[in-house]
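Undergrad: File protein-v4.txt below, compact mmCIF, C-alpha atoms and all ligand atoms:
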# COMPACT_ATOMS: atom_id res chain seq x y z
CA MET J 1 -2.38 -35.18 -7.62
CA ASP J 2 0.91 -34.72 -5.81
CA PHE J 3 1.06 -32.17 -3.00
CA GLN J 4 4.47 -33.29 -1.79
CA PHE J 5 6.75 -30.41 -0.92
CA SER J 6 10.13 -30.57 -2.67
CA ASP J 7 13.27 -30.78 -0.52
CA GLU J 8 14.03 -27.15 -1.32
CA LEU J 9 10.53 -26.15 -0.22
CA LYS J 10 10.81 -28.21 2.96
CA ALA J 11 14.01 -26.31 3.79
CA ILE J 12 12.31 -22.93 3.21
CA LYS J 13 9.31 -24.05 5.31
CA LEU J 14 11.60 -25.13 8.14
CA ALA J 15 13.47 -21.82 8.04
CA VAL J 16 10.15 -19.94 8.29
CA ARG J 17 9.04 -22.19 11.17
CA GLU J 18 12.23 -21.43 13.08
CA PHE J 19 11.82 -17.72 12.37
CA ILE J 20 8.26 -17.83 13.72
CA GLU J 21 9.25 -19.74 16.85
CA LYS J 22 12.47 -17.90 17.65
CA GLU J 23 11.61 -14.37 16.57
CA VAL J 24 7.86 -13.87 16.05
CA HIS J 25 6.26 -15.71 18.98
CA PRO J 26 8.53 -14.03 21.55
CA ARG J 27 7.35 -10.64 20.26
CA GLU J 28 3.65 -11.51 20.50
CA SER J 29 2.94 -9.07 23.34
CA ILE J 30 4.75 -6.16 21.61
CA ILE J 31 2.70 -6.63 18.44
CA GLU J 32 -0.53 -7.05 20.38
CA GLU J 33 -0.13 -4.34 22.97
CA GLU J 34 1.78 -1.73 20.96
CA ASP J 35 -0.08 -2.45 17.70
CA ARG J 36 3.10 -2.42 15.63
CA ILE J 37 5.45 -4.83 13.89
CA PRO J 38 8.96 -4.45 15.38
CA GLU J 39 11.46 -3.38 12.73
CA GLU J 40 13.78 -6.31 13.54
CA LEU J 41 11.03 -8.74 12.43
CA VAL J 42 10.65 -6.88 9.15
CA GLU J 43 14.41 -7.05 8.69
CA SER J 44 14.50 -10.81 9.38
CA ALA J 45 11.63 -11.36 6.95
CA ARG J 46 13.62 -9.41 4.35
CA LYS J 47 16.67 -11.59 4.91
CA LEU J 48 14.57 -14.75 4.50
CA GLY J 49 13.25 -13.40 1.20
CA LEU J 50 9.65 -13.48 2.48
CA PHE J 51 8.69 -10.17 0.84
CA GLY J 52 9.37 -11.71 -2.55
CA SER J 53 7.98 -15.20 -2.03
CA SER J 54 5.66 -15.04 -5.05
CA ILE J 55 7.77 -12.73 -7.21
CA PRO J 56 9.68 -14.50 -10.03
CA GLU J 57 13.39 -15.02 -9.44
CA GLU J 58 14.30 -12.82 -12.42
CA TYR J 59 12.84 -9.86 -10.48
CA GLY J 60 14.61 -10.77 -7.24
CA GLY J 61 11.96 -12.96 -5.59
CA LEU J 62 11.88 -16.59 -4.48
CA GLY J 63 9.64 -17.46 -7.45
CA LEU J 64 7.42 -19.83 -5.51
CA ASN J 65 4.32 -21.32 -7.09
CA MET J 66 1.02 -21.62 -5.18
CA ILE J 67 2.02 -24.85 -3.43
CA GLY J 68 5.18 -23.06 -2.30
CA LYS J 69 3.18 -20.07 -1.13
CA CYS J 70 0.95 -22.41 0.87
CA ALA J 71 3.97 -24.05 2.49
CA ILE J 72 5.10 -20.63 3.75
CA GLY J 73 1.52 -19.52 4.46
CA GLU J 74 0.97 -22.41 6.88
CA GLU J 75 4.01 -21.36 8.89
CA MET J 76 3.09 -17.68 8.80
CA GLY J 77 -0.43 -18.54 9.93
CA ARG J 78 1.05 -20.40 12.89
CA GLY J 79 2.71 -17.12 13.87
CA ILE J 80 0.85 -13.91 14.61
CA ALA J 81 -2.07 -12.87 12.45
CA GLY J 82 -1.18 -9.17 12.27
CA PHE J 83 2.31 -9.92 11.01
CA ALA J 84 1.01 -12.57 8.60
CA GLY J 85 -1.68 -10.11 7.41
CA PHE J 86 0.84 -7.35 6.74
CA LEU J 87 3.19 -9.65 4.86
CA GLY J 88 0.40 -11.62 3.17
CA ALA J 89 -1.32 -8.50 1.81
CA HIS J 90 2.05 -7.43 0.36
CA THR J 91 3.06 -10.78 -1.16
CA GLY J 92 -0.48 -11.76 -2.16
CA ILE J 93 -3.05 -9.20 -3.29
CA GLY J 94 -0.47 -6.39 -3.24
CA THR J 95 1.95 -8.04 -5.64
CA SER J 96 0.19 -10.70 -7.66
CA GLY J 97 -1.58 -8.28 -10.02
CA ILE J 98 1.75 -6.92 -11.24
CA VAL J 99 3.20 -10.45 -11.50
CA MET J 100 0.18 -11.77 -13.46
CA GLN J 101 -0.79 -8.76 -15.58
CA GLY J 102 2.02 -6.22 -15.41
CA SER J 103 3.87 -5.00 -18.48
CA GLU J 104 7.61 -5.61 -18.54
CA TYR J 105 8.02 -1.92 -17.64
CA LEU J 106 5.84 -2.27 -14.52
CA LYS J 107 7.54 -5.50 -13.47
CA GLN J 108 11.03 -3.99 -13.83
CA LYS J 109 9.96 -0.80 -12.10
CA TYR J 110 8.27 -2.27 -9.02
CA LEU J 111 8.94 -5.96 -8.43
CA PRO J 112 12.65 -5.84 -7.44
CA ASP J 113 11.96 -3.28 -4.69
CA MET J 114 8.83 -5.15 -3.58
CA ALA J 115 10.75 -8.45 -3.48
CA GLU J 116 13.22 -6.92 -1.04
CA GLY J 117 10.56 -5.24 1.06
CA ARG J 118 11.88 -1.80 0.18
CA LYS J 119 8.44 -0.97 -1.26
CA ILE J 120 5.27 -2.26 0.41
CA GLY J 121 2.29 -3.37 -1.64
CA ALA J 122 -1.46 -3.07 -1.11
CA PHE J 123 -4.66 -3.79 -3.04
CA ALA J 124 -7.46 -1.23 -3.18
CA LEU J 125 -10.80 -2.48 -4.43
CA THR J 126 -13.25 -1.93 -1.55
CA GLU J 127 -15.12 1.36 -1.16
CA PRO J 128 -17.84 2.51 1.23
CA ASP J 129 -20.53 1.54 -1.34
CA ALA J 130 -18.63 -1.37 -2.88
CA GLY J 131 -17.99 -4.16 -0.39
CA SER J 132 -19.53 -7.51 -1.30
CA ASP J 133 -20.93 -5.73 -4.37
CA ALA J 134 -17.35 -5.06 -5.41
CA SER J 135 -18.07 -3.81 -8.92
CA ASN J 136 -20.22 -0.94 -7.64
CA LEU J 137 -17.19 1.35 -7.62
CA LYS J 138 -17.44 5.12 -7.44
CA THR J 139 -13.73 5.84 -7.88
CA THR J 140 -13.21 7.14 -11.40
CA ALA J 141 -10.23 7.33 -13.73
CA VAL J 142 -10.42 9.84 -16.58
CA LYS J 143 -7.77 10.07 -19.29
CA LYS J 144 -6.06 13.46 -19.63
CA GLY J 145 -3.13 13.53 -22.05
CA ASP J 146 -0.66 10.86 -21.00
CA ARG J 147 -2.13 10.51 -17.48
CA TRP J 148 -5.17 9.01 -15.82
CA ILE J 149 -6.78 11.24 -13.20
CA LEU J 150 -8.23 9.26 -10.31
CA ASN J 151 -10.87 10.54 -7.90
CA GLY J 152 -12.54 8.60 -5.10
CA THR J 153 -12.11 6.93 -1.71
CA LYS J 154 -11.11 3.37 -0.93
CA HIS J 155 -11.60 2.03 2.57
CA PHE J 156 -10.53 -0.92 4.74
CA ILE J 157 -7.25 -1.20 2.81
CA THR J 158 -4.69 -3.48 4.44
CA ASN J 159 -1.25 -1.79 4.64
CA GLY J 160 -3.01 1.45 3.56
CA PRO J 161 -0.98 3.81 5.78
CA ILE J 162 2.38 2.24 4.88
CA ALA J 163 1.87 1.15 1.27
CA ASP J 164 4.15 2.47 -1.46
CA VAL J 165 2.58 0.65 -4.43
CA VAL J 166 -1.18 0.14 -4.57
CA THR J 167 -3.01 -1.99 -7.13
CA THR J 168 -6.14 0.12 -7.52
CA MET J 169 -9.44 -0.50 -9.30
CA ALA J 170 -11.30 2.47 -10.81
CA VAL J 171 -14.14 3.06 -13.26
CA THR J 172 -12.91 4.03 -16.72
CA ASP J 173 -16.22 3.55 -18.56
CA PRO J 174 -19.27 4.16 -16.33
CA SER J 175 -21.66 2.87 -19.03
CA ARG J 176 -20.26 -0.68 -18.88
CA GLY J 177 -20.63 -1.75 -15.23
CA PRO J 178 -17.99 -4.35 -14.23
CA ARG J 179 -16.68 -4.27 -17.82
CA GLY J 180 -15.85 -0.58 -17.42
CA ILE J 181 -13.36 -1.02 -14.56
CA SER J 182 -9.59 -0.80 -15.03
CA ALA J 183 -6.67 -1.60 -12.76
CA PHE J 184 -3.80 0.78 -12.05
CA VAL J 185 -0.53 0.63 -10.19
CA VAL J 186 -0.56 3.76 -8.06
CA GLU J 187 2.41 5.02 -6.07
CA SER J 188 1.79 6.73 -2.77
CA THR J 189 4.06 9.54 -3.97
CA PHE J 190 1.88 10.40 -6.96
CA PRO J 191 0.31 13.88 -6.73
CA GLY J 192 -3.25 13.72 -5.32
CA TYR J 193 -2.74 10.51 -3.30
CA ARG J 194 -3.24 10.48 0.46
CA THR J 195 -4.34 8.14 3.20
CA GLY J 196 -7.33 8.82 5.42
CA LYS J 197 -8.79 7.25 8.56
CA ASN J 198 -6.70 4.49 10.15
CA GLU J 199 -9.18 1.90 11.48
CA ARG J 200 -9.19 0.55 15.06
CA LYS J 201 -9.91 -3.17 14.82
CA MET J 202 -11.00 -6.18 16.87
CA GLY J 203 -7.76 -7.99 16.03
CA LEU J 204 -4.95 -8.15 13.48
CA LYS J 205 -2.85 -5.93 15.70
CA GLY J 206 0.26 -4.57 13.98
CA CYS J 207 -1.44 -4.76 10.58
CA TYR J 208 -2.78 -1.38 9.53
CA THR J 209 -6.05 -0.81 7.68
CA SER J 210 -6.99 2.58 6.31
CA GLU J 211 -8.72 4.70 3.74
CA ILE J 212 -6.89 5.74 0.59
CA ILE J 213 -8.10 8.95 -0.99
CA PHE J 214 -7.53 10.02 -4.59
CA GLU J 215 -8.03 13.73 -5.31
CA ASP J 216 -7.18 14.40 -8.94
CA CYS J 217 -4.47 11.80 -8.45
CA GLU J 218 -2.20 11.71 -11.48
CA VAL J 219 -1.29 8.24 -12.69
CA PRO J 220 0.99 7.88 -15.77
CA GLU J 221 -0.73 5.95 -18.57
CA GLU J 222 1.96 3.25 -18.48
CA ASN J 223 0.76 2.43 -14.95
CA MET J 224 -2.47 0.91 -16.19
CA LEU J 225 -2.35 -2.76 -15.18
CA GLY J 226 -3.53 -5.04 -17.96
CA GLU J 227 -6.02 -3.91 -20.57
CA GLU J 228 -8.38 -0.96 -20.25
CA ASN J 229 -11.81 -2.02 -18.89
CA ARG J 230 -10.49 -5.50 -17.91
CA GLY J 231 -9.62 -4.51 -14.35
CA PHE J 232 -12.47 -6.33 -12.66
CA VAL J 233 -11.29 -9.62 -14.16
CA THR J 234 -7.80 -8.79 -12.88
CA ALA J 235 -9.28 -8.13 -9.42
CA LEU J 236 -11.06 -11.50 -9.45
CA MET J 237 -7.85 -13.27 -10.48
CA ILE J 238 -5.92 -11.55 -7.69
CA LEU J 239 -8.62 -12.44 -5.16
CA ALA J 240 -8.73 -16.10 -6.27
CA LYS J 241 -5.00 -16.41 -5.59
CA GLY J 242 -5.38 -14.52 -2.32
CA ARG J 243 -8.17 -16.83 -1.17
CA ALA J 244 -6.01 -19.94 -1.58
CA GLY J 245 -3.29 -18.20 0.43
CA LEU J 246 -5.78 -17.34 3.17
CA GLY J 247 -6.68 -21.04 3.34
CA ALA J 248 -3.07 -21.91 4.13
CA GLY J 249 -2.88 -19.20 6.79
CA SER J 250 -6.05 -20.50 8.44
CA VAL J 251 -4.64 -24.04 8.47
CA GLY J 252 -1.44 -22.77 10.13
CA ALA J 253 -3.42 -20.94 12.79
CA CYS J 254 -5.49 -24.08 13.46
CA ARG J 255 -2.30 -26.02 13.89
CA ARG J 256 -1.10 -23.67 16.62
CA LEU J 257 -4.50 -23.84 18.33
CA ILE J 258 -4.37 -27.65 18.27
CA GLU J 259 -0.81 -27.67 19.63
CA LEU J 260 -1.69 -25.28 22.46
CA SER J 261 -4.96 -27.10 23.26
CA THR J 262 -3.34 -30.55 23.30
CA LYS J 263 -0.60 -29.33 25.63
CA TYR J 264 -3.06 -27.62 27.96
CA ALA J 265 -5.42 -30.61 28.01
CA LYS J 266 -2.56 -32.89 29.08
CA GLU J 267 -1.37 -30.49 31.80
CA ARG J 268 -4.60 -29.18 33.30
CA VAL J 269 -5.80 -31.42 36.11
CA GLN J 270 -9.42 -31.42 37.30
CA PHE J 271 -11.22 -34.14 39.25
CA GLY J 272 -7.78 -35.64 39.92
CA LYS J 273 -6.79 -36.31 36.30
CA PRO J 274 -5.71 -34.36 33.20
CA ILE J 275 -8.76 -32.99 31.36
CA ALA J 276 -7.37 -34.75 28.22
CA GLU J 277 -8.60 -38.01 29.71
CA ASN J 278 -12.22 -36.90 29.32
CA GLN J 279 -13.92 -38.00 26.12
CA ALA J 280 -15.62 -34.59 25.82
CA ILE J 281 -12.19 -32.95 25.47
CA GLN J 282 -10.86 -35.72 23.19
CA TRP J 283 -13.81 -35.31 20.83
CA MET J 284 -13.19 -31.59 20.55
CA LEU J 285 -9.53 -32.27 19.74
CA ALA J 286 -10.51 -34.97 17.25
CA ASP J 287 -12.89 -32.62 15.44
CA MET J 288 -10.28 -29.84 15.45
CA VAL J 289 -7.62 -32.00 13.81
CA THR J 290 -10.02 -33.69 11.34
CA GLU J 291 -11.46 -30.42 10.06
CA THR J 292 -7.99 -28.85 9.86
CA GLU J 293 -6.68 -31.78 7.79
CA ALA J 294 -9.70 -31.43 5.45
CA ALA J 295 -9.05 -27.69 5.10
CA ARG J 296 -5.37 -28.39 4.40
CA THR J 297 -6.16 -30.93 1.70
CA LEU J 298 -8.63 -28.58 0.03
CA THR J 299 -6.12 -25.73 0.17
CA LEU J 300 -3.29 -27.78 -1.33
CA GLN J 301 -5.58 -29.21 -4.00
CA THR J 302 -6.58 -25.67 -5.03
CA ALA J 303 -2.93 -24.61 -5.08
CA TRP J 304 -1.99 -27.65 -7.14
CA LYS J 305 -4.76 -26.89 -9.65
CA ALA J 306 -3.71 -23.22 -9.83
CA ASP J 307 -0.12 -24.29 -10.52
CA LYS J 308 -1.39 -26.50 -13.34
CA GLY J 309 -3.06 -23.44 -14.88
CA MET J 310 -6.58 -24.69 -14.17
CA ASN J 311 -9.47 -22.34 -13.42
CA VAL J 312 -9.70 -22.23 -9.61
CA ILE J 313 -12.40 -19.62 -9.09
CA ARG J 314 -14.70 -22.15 -7.40
CA ASP J 315 -11.89 -24.07 -5.68
CA ALA J 316 -10.49 -20.88 -4.22
CA ALA J 317 -13.92 -19.85 -2.95
CA MET J 318 -14.48 -23.29 -1.38
CA THR J 319 -11.02 -23.18 0.17
CA LYS J 320 -11.52 -19.73 1.65
CA LEU J 321 -15.00 -20.61 2.91
CA PHE J 322 -14.12 -23.95 4.47
CA ALA J 323 -10.71 -23.00 5.86
CA SER J 324 -11.94 -19.77 7.46
CA GLU J 325 -15.02 -21.39 8.99
CA THR J 326 -12.86 -24.28 10.23
CA TYR J 327 -10.45 -21.76 11.77
CA CYS J 328 -13.31 -20.07 13.66
CA ARG J 329 -14.70 -23.41 14.92
CA VAL J 330 -11.24 -24.59 15.96
CA ALA J 331 -10.57 -21.29 17.77
CA ASP J 332 -13.89 -21.57 19.58
CA ARG J 333 -13.12 -25.13 20.74
CA ALA J 334 -9.63 -24.05 21.80
CA VAL J 335 -11.17 -21.43 24.09
CA GLN J 336 -13.51 -24.10 25.47
CA ILE J 337 -10.67 -26.53 26.20
CA HIS J 338 -8.75 -23.78 28.00
CA GLY J 339 -11.77 -22.88 30.12
CA GLY J 340 -11.42 -19.48 31.82
CA MET J 341 -7.76 -19.33 30.78
CA GLY J 342 -8.94 -19.26 27.17
CA TYR J 343 -10.59 -15.92 27.91
CA MET J 344 -7.52 -14.36 29.52
CA LYS J 345 -4.97 -12.26 27.68
CA GLU J 346 -2.26 -14.23 29.48
CA MET J 347 -2.60 -16.96 26.83
CA PRO J 348 -2.43 -16.51 23.02
CA ILE J 349 -5.78 -18.30 22.65
CA GLU J 350 -7.78 -15.13 23.35
CA ARG J 351 -5.91 -13.24 20.64
CA ILE J 352 -6.14 -16.03 18.10
CA TYR J 353 -9.89 -16.32 18.75
CA ARG J 354 -10.32 -12.61 17.92
CA ASP J 355 -7.98 -12.86 14.94
CA SER J 356 -9.87 -15.83 13.50
CA ARG J 357 -12.99 -13.73 12.97
CA ILE J 358 -11.61 -11.58 10.16
CA THR J 359 -11.04 -14.57 7.88
CA ARG J 360 -14.79 -14.96 7.30
CA LEU J 361 -15.05 -11.31 6.25
CA TYR J 362 -12.19 -10.03 4.16
CA GLU J 363 -11.31 -11.00 0.58
CA GLY J 364 -15.03 -11.82 0.27
CA THR J 365 -17.36 -12.83 3.11
CA SER J 366 -18.50 -16.44 3.59
CA GLU J 367 -21.77 -15.48 1.93
CA VAL J 368 -19.94 -14.16 -1.13
CA GLN J 369 -17.88 -17.38 -1.35
CA ARG J 370 -21.12 -19.38 -1.27
CA MET J 371 -22.52 -17.14 -4.04
CA VAL J 372 -19.44 -17.87 -6.19
CA ILE J 373 -19.59 -21.61 -5.47
CA ALA J 374 -23.32 -21.86 -6.21
CA ALA J 375 -23.10 -19.71 -9.36
CA THR J 376 -20.34 -21.87 -10.88
CA LEU J 377 -22.10 -25.07 -9.83
CA LEU J 378 -25.37 -23.99 -11.44
CA LYS J 379 -23.54 -22.92 -14.60
CA ASP J 380 -20.91 -25.64 -15.04
CA GLY J 381 -21.96 -28.52 -12.80
CA LEU J 382 -19.49 -30.48 -10.70
CA GLN J 383 -16.84 -30.93 -13.44
CA TYR J 384 -15.40 -34.25 -12.28
C1 LIG I 1 -9.47 -5.89 8.35
C2 LIG I 1 -9.93 -5.75 6.92
C3 LIG I 1 -8.99 -5.68 5.91
C4 LIG I 1 -9.39 -5.53 4.58
N1 LIG I 1 -8.44 -5.40 3.60
C5 LIG I 1 -8.85 -5.08 2.34
C6 LIG I 1 -7.87 -4.78 1.32
O1 LIG I 1 -6.66 -4.85 1.54
N2 LIG I 1 -8.32 -4.39 0.10
C7 LIG I 1 -9.65 -4.30 -0.21
O2 LIG I 1 -9.98 -3.94 -1.33
N3 LIG I 1 -10.59 -4.59 0.73
C8 LIG I 1 -10.22 -4.97 2.00
N4 LIG I 1 -11.17 -5.25 2.95
C9 LIG I 1 -12.58 -5.16 2.61
C10 LIG I 1 -13.30 -6.50 2.64
O3 LIG I 1 -12.95 -7.29 1.53
C11 LIG I 1 -14.80 -6.22 2.75
O4 LIG I 1 -15.02 -5.71 4.07
C12 LIG I 1 -15.66 -7.42 2.48
O5 LIG I 1 -15.58 -7.78 1.13
C13 LIG I 1 -17.12 -7.21 2.87
O6 LIG I 1 -17.61 -5.99 2.41
P1 LIG I 1 -18.38 -5.03 3.45
O7 LIG I 1 -17.52 -4.90 4.65
O8 LIG I 1 -18.74 -3.79 2.74
O9 LIG I 1 -19.66 -5.84 3.88
P2 LIG I 1 -21.09 -5.80 3.13
O10 LIG I 1 -20.90 -6.06 1.69
O11 LIG I 1 -21.80 -4.56 3.55
O12 LIG I 1 -21.79 -7.07 3.77
C14 LIG I 1 -22.50 -7.04 5.01
C15 LIG I 1 -23.13 -8.43 5.20
O13 LIG I 1 -24.11 -8.66 4.15
C16 LIG I 1 -23.79 -9.87 3.48
N5 LIG I 1 -24.20 -9.75 2.08
C17 LIG I 1 -23.94 -8.75 1.22
N6 LIG I 1 -24.49 -9.02 0.01
C18 LIG I 1 -25.11 -10.22 0.15
C19 LIG I 1 -25.85 -11.05 -0.76
N7 LIG I 1 -26.06 -10.72 -2.04
N8 LIG I 1 -26.34 -12.23 -0.29
C20 LIG I 1 -26.12 -12.61 0.99
N9 LIG I 1 -25.42 -11.87 1.88
C21 LIG I 1 -24.91 -10.69 1.46
C22 LIG I 1 -22.29 -10.03 3.64
O14 LIG I 1 -21.88 -11.37 3.46
C23 LIG I 1 -22.12 -9.57 5.09
O15 LIG I 1 -22.48 -10.62 5.95
C24 LIG I 1 -10.78 -5.45 4.29
C25 LIG I 1 -11.72 -5.55 5.31
C26 LIG I 1 -11.32 -5.69 6.62
C27 LIG I 1 -12.37 -5.77 7.69
Once more with this new file: its structure as structure tokens, please.
TA:
Amino acid sequence: MDFQFSDELKAIKLAVREFIEKEVHPRESIIEEEDRIPEELVESARKLGLFGSSIPEEYGGLGLNMIGKCAIGEEMGRGIAGFAGFLGAHTGIGTSGIVMQGSEYLKQKYLPDMAEGRKIGAFALTEPDAGSDASNLKTTAVKKGDRWILNGTKHFITNGPIADVVTTMAVTDPSRGPRGISAFVVESTFPGYRTGKNERKMGLKGCYTSEIIFEDCEVPEENMLGEENRGFVTALMILAKGRAGLGAGSVGACRRLIELSTKYAKERVQFGKPIAENQAIQWMLADMVTETEAARTLTLQTAWKADKGMNVIRDAAMTKLFASETYCRVADRAVQIHGGMGYMKEMPIERIYRDSRITRLYEGTSEVQRMVIAATLLKDGLQY
């Protein structure tokens, strides 16, 4: 296995790192306190091509593979979670369905605008009665002439209030359970589409999460994504890719926590010496960096396998599980190393601690990842 980043990728990664340090970190308090992403950051991200990172070059994107996405994801994760969440939902779950399963018509119609950030993507699977049990959808799609008519409510949808193009799962054959679900590309301008409640959240400030409501929403038949009744498989493929990306974001966030904690431990003096000289602090730092390296290796291995066309359903679940739980442990230790300062809004640690918590919930909870891992283990064994 070779996870080495190419020179071109190293240059892109460096450009994103500089963008995060020079433009994103200085706007941390605006994003956090005003719960919005400043337009100038969106514009800079556009110029860097970040909206099209995973979109093929022929449709105006950077055409990065999964390793490339991880290289960017690490840097974005080192930035601010709300901004990374907004962009990640667009470039990941919001776009990858069209890239993987879209007809040439759908690709031509949507990807160039999405690559430039002129149209924002989202992914709508979850419903009030379909969370972990994601196939228990109530949203229906009924064929009428050359249109599909969608009815139902999606909730907790990242980018919901600002999305222009939403990859949406709906039941097309209620008699067939998960095999009766289809995927659609729905535009927010289609008749019968509206957004509902905008959630107030623990973290991820600047990244909006809302309901999407379909009331006799008219979707042209050419906007079905992939084959009829194969939408749940499409959703699982999208989520597997998304989970590897979340691993990279978690690793990036851990990196920032380690950097901040190391600096603080060297500077903070108690009992007449820097707290970094205490073995208790050193052991926390050692565990933080060891677990982060393990999460990084697992993430890059999954990305490498995905790029080789291998089935990464289990790898992606293990990556998401381990990286997100590592992130939460690392964030907890970072608070501990900072003492009372770790609890104060004066330092980014408090925010990152809150932001870490979502990673064990969305795109499948830790329990769901363990279900996927155990199911594939019991069925296929270890496979090495
Ligand atoms: C901020 C945010 C953004 C999101 N963005 C999106 C998005 O863009 N698109 C989208 O479609 N969805 C999105 N989601 C939804 C997210 O994927 C779901 O919240 C998640 O899958 C969990 O579903 P739930 O909240 O209904 O929890 P539930 O399914 O109700 O789970 C509650 C608890 O029960 C556990 N549990 C459930 N079943 C089992 C079982 N069989 N065995 C053991 N434990 C079990 C769960 O692990 C969890 O601990 C988002 C959620 C949040 C919070």
Undergrad: What lies within 6 Å of Gly252 in chain J using all atoms listed in the file, ignoring chain neighbours under 2 positions off, as a CSV table (one decimal) with C-alpha atoms, keeping the file's coordinate frame?
TA:
chain,number,residue,atom,x,y,z
J,74,GLU,CA,1.0,-22.4,6.9
J,75,GLU,CA,4.0,-21.4,8.9
J,77,GLY,CA,-0.4,-18.5,9.9
J,78,ARG,CA,1.0,-20.4,12.9
J,249,GLY,CA,-2.9,-19.2,6.8
J,250,SER,CA,-6.0,-20.5,8.4
J,254,CYS,CA,-5.5,-24.1,13.5
J,255,ARG,CA,-2.3,-26.0,13.9
Undergrad: Using only C-alpha atoms, find all polymer residues with an atom at most 8 Å away from the point (-1.6, -11.5, 11.8); report them as a list in words.
TA: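 With a cut-off of 8 Å, the residues come to Gly77, Gly79, Ile80, Ala81, Gly82, Phe83, Ala84, Gly85, Phe86, Leu204, Lys205, Gly206, Cys207 and Asp355 of chain J.
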Undergrad: Output the selection as an mmCIF file, keeping the file's coordinate frame - C-alpha atoms for each residue.
TA:
data_model
loop_
_atom_site.group_PDB
_atom_site.id
_atom_site.type_symbol
_atom_site.label_atom_id
_atom_site.label_comp_id
_atom_site.auth_asym_id
_atom_site.auth_seq_id
_atom_site.Cartn_x
_atom_site.Cartn_y
_atom_site.Cartn_z
ATOM 1 C CA GLY J 77 -0.430 -18.540 9.930
ATOM 2 C CA GLY J 79 2.710 -17.120 13.870
ATOM 3 C CA ILE J 80 0.850 -13.910 14.610
ATOM 4 C CA ALA J 81 -2.070 -12.870 12.450
ATOM 5 C CA GLY J 82 -1.180 -9.170 12.270
ATOM 6 C CA PHE J 83 2.310 -9.920 11.010
ATOM 7 C CA ALA J 84 1.010 -12.570 8.600
ATOM 8 C CA GLY J 85 -1.680 -10.110 7.410
ATOM 9 C CA PHE J 86 0.840 -7.350 6.740
ATOM 10 C CA LEU J 204 -4.950 -8.150 13.480
ATOM 11 C CA LYS J 205 -2.850 -5.930 15.700
ATOM 12 C CA GLY J 206 0.260 -4.570 13.980
ATOM 13 C CA CYS J 207 -1.440 -4.760 10.580
ATOM 14 C CA ASP J 355 -7.980 -12.860 14.940
#
Undergrad: Report, in Å to a single decimal, how far apart CA of Ala316 in chain J and CA of Gly247 in chain J are.
TA: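 Computing it gives 8.5 Å between the two atoms.
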Undergrad: Could you check how far CA of Ser188 in chain J sits from CA of Asp35 in chain J, in Å to one decimal?
TA: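 Going from CA of Ser188 in chain J over to CA of Asp35 in chain J covers 22.5 Å.
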Undergrad: Which protein, DNA or RNA residues have an atom within 6 Å of ligand LIG 1 (chain I), counting all atoms listed in the file, as a list of chain:residue names?
TA: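 Based on all atoms listed in the file, ligand LIG 1 (chain I) is surrounded within 6 Å by J:Phe123, J:Ala124, J:Leu125, J:Thr126, J:Gly131, J:Ser132, J:Phe156, J:Ile157, J:Thr158, J:Thr209, J:Leu361, J:Tyr362, J:Glu363, J:Gly364, J:Thr365, J:Glu367, J:Val368.
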Undergrad: When you look at Gly342 in chain J with a cut-off of 12 Å (counting all atoms listed in the file), what residues show up, excluding the ones that are within fewer than 2 positions of it in the same chain? I need them as an NGL selection string.
TA: :J and (257 or 260-261 or 264-265 or 331-340 or 344-354)
Undergrad: Just to be explicit: take each residue in the selection above, keep C-alpha atoms, and write the result as a short mmCIF file (atom, residue, chain, number, x, y, z; two decimals), in the frame of the given file.
TA:
data_model
loop_
_atom_site.label_atom_id
_atom_site.label_comp_id
_atom_site.auth_asym_id
_atom_site.auth_seq_id
_atom_site.Cartn_x
_atom_site.Cartn_y
_atom_site.Cartn_z
CA LEU J 257 -4.50 -23.84 18.33
CA LEU J 260 -1.69 -25.28 22.46
CA SER J 261 -4.96 -27.10 23.26
CA TYR J 264 -3.06 -27.62 27.96
CA ALA J 265 -5.42 -30.61 28.01
CA ALA J 331 -10.57 -21.29 17.77
CA ASP J 332 -13.89 -21.57 19.58
CA ARG J 333 -13.12 -25.13 20.74
CA ALA J 334 -9.63 -24.05 21.80
CA VAL J 335 -11.17 -21.43 24.09
CA GLN J 336 -13.51 -24.10 25.47
CA ILE J 337 -10.67 -26.53 26.20
CA HIS J 338 -8.75 -23.78 28.00
CA GLY J 339 -11.77 -22.88 30.12
CA GLY J 340 -11.42 -19.48 31.82
CA MET J 344 -7.52 -14.36 29.52
CA LYS J 345 -4.97 -12.26 27.68
CA GLU J 346 -2.26 -14.23 29.48
CA MET J 347 -2.60 -16.96 26.83
CA PRO J 348 -2.43 -16.51 23.02
CA ILE J 349 -5.78 -18.30 22.65
CA GLU J 350 -7.78 -15.13 23.35
CA ARG J 351 -5.91 -13.24 20.64
CA ILE J 352 -6.14 -16.03 18.10
CA TYR J 353 -9.89 -16.32 18.75
CA ARG J 354 -10.32 -12.61 17.92
#
Undergrad: List the neighbours of Gly242 in chain J out to 10 Å using only C-alpha atoms; skip same-chain residues closer than 5 positions along the sequence, and give me the result as a compact mmCIF listing (two decimals) with C-alpha atoms, in the coordinates of the input.
TA:
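New file out24.txt:
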# COMPACT_ATOMS: atom_id res chain seq x y z
CA MET J 66 1.02 -21.62 -5.18
CA GLY J 88 0.40 -11.62 3.17
CA ALA J 89 -1.32 -8.50 1.81
CA THR J 91 3.06 -10.78 -1.16
CA GLY J 92 -0.48 -11.76 -2.16
CA ILE J 93 -3.05 -9.20 -3.29
CA GLY J 94 -0.47 -6.39 -3.24
CA SER J 96 0.19 -10.70 -7.66
CA LEU J 236 -11.06 -11.50 -9.45
CA MET J 237 -7.85 -13.27 -10.48
CA GLY J 247 -6.68 -21.04 3.34
CA ALA J 316 -10.49 -20.88 -4.22
CA LYS J 320 -11.52 -19.73 1.65
CA GLU J 363 -11.31 -11.00 0.58
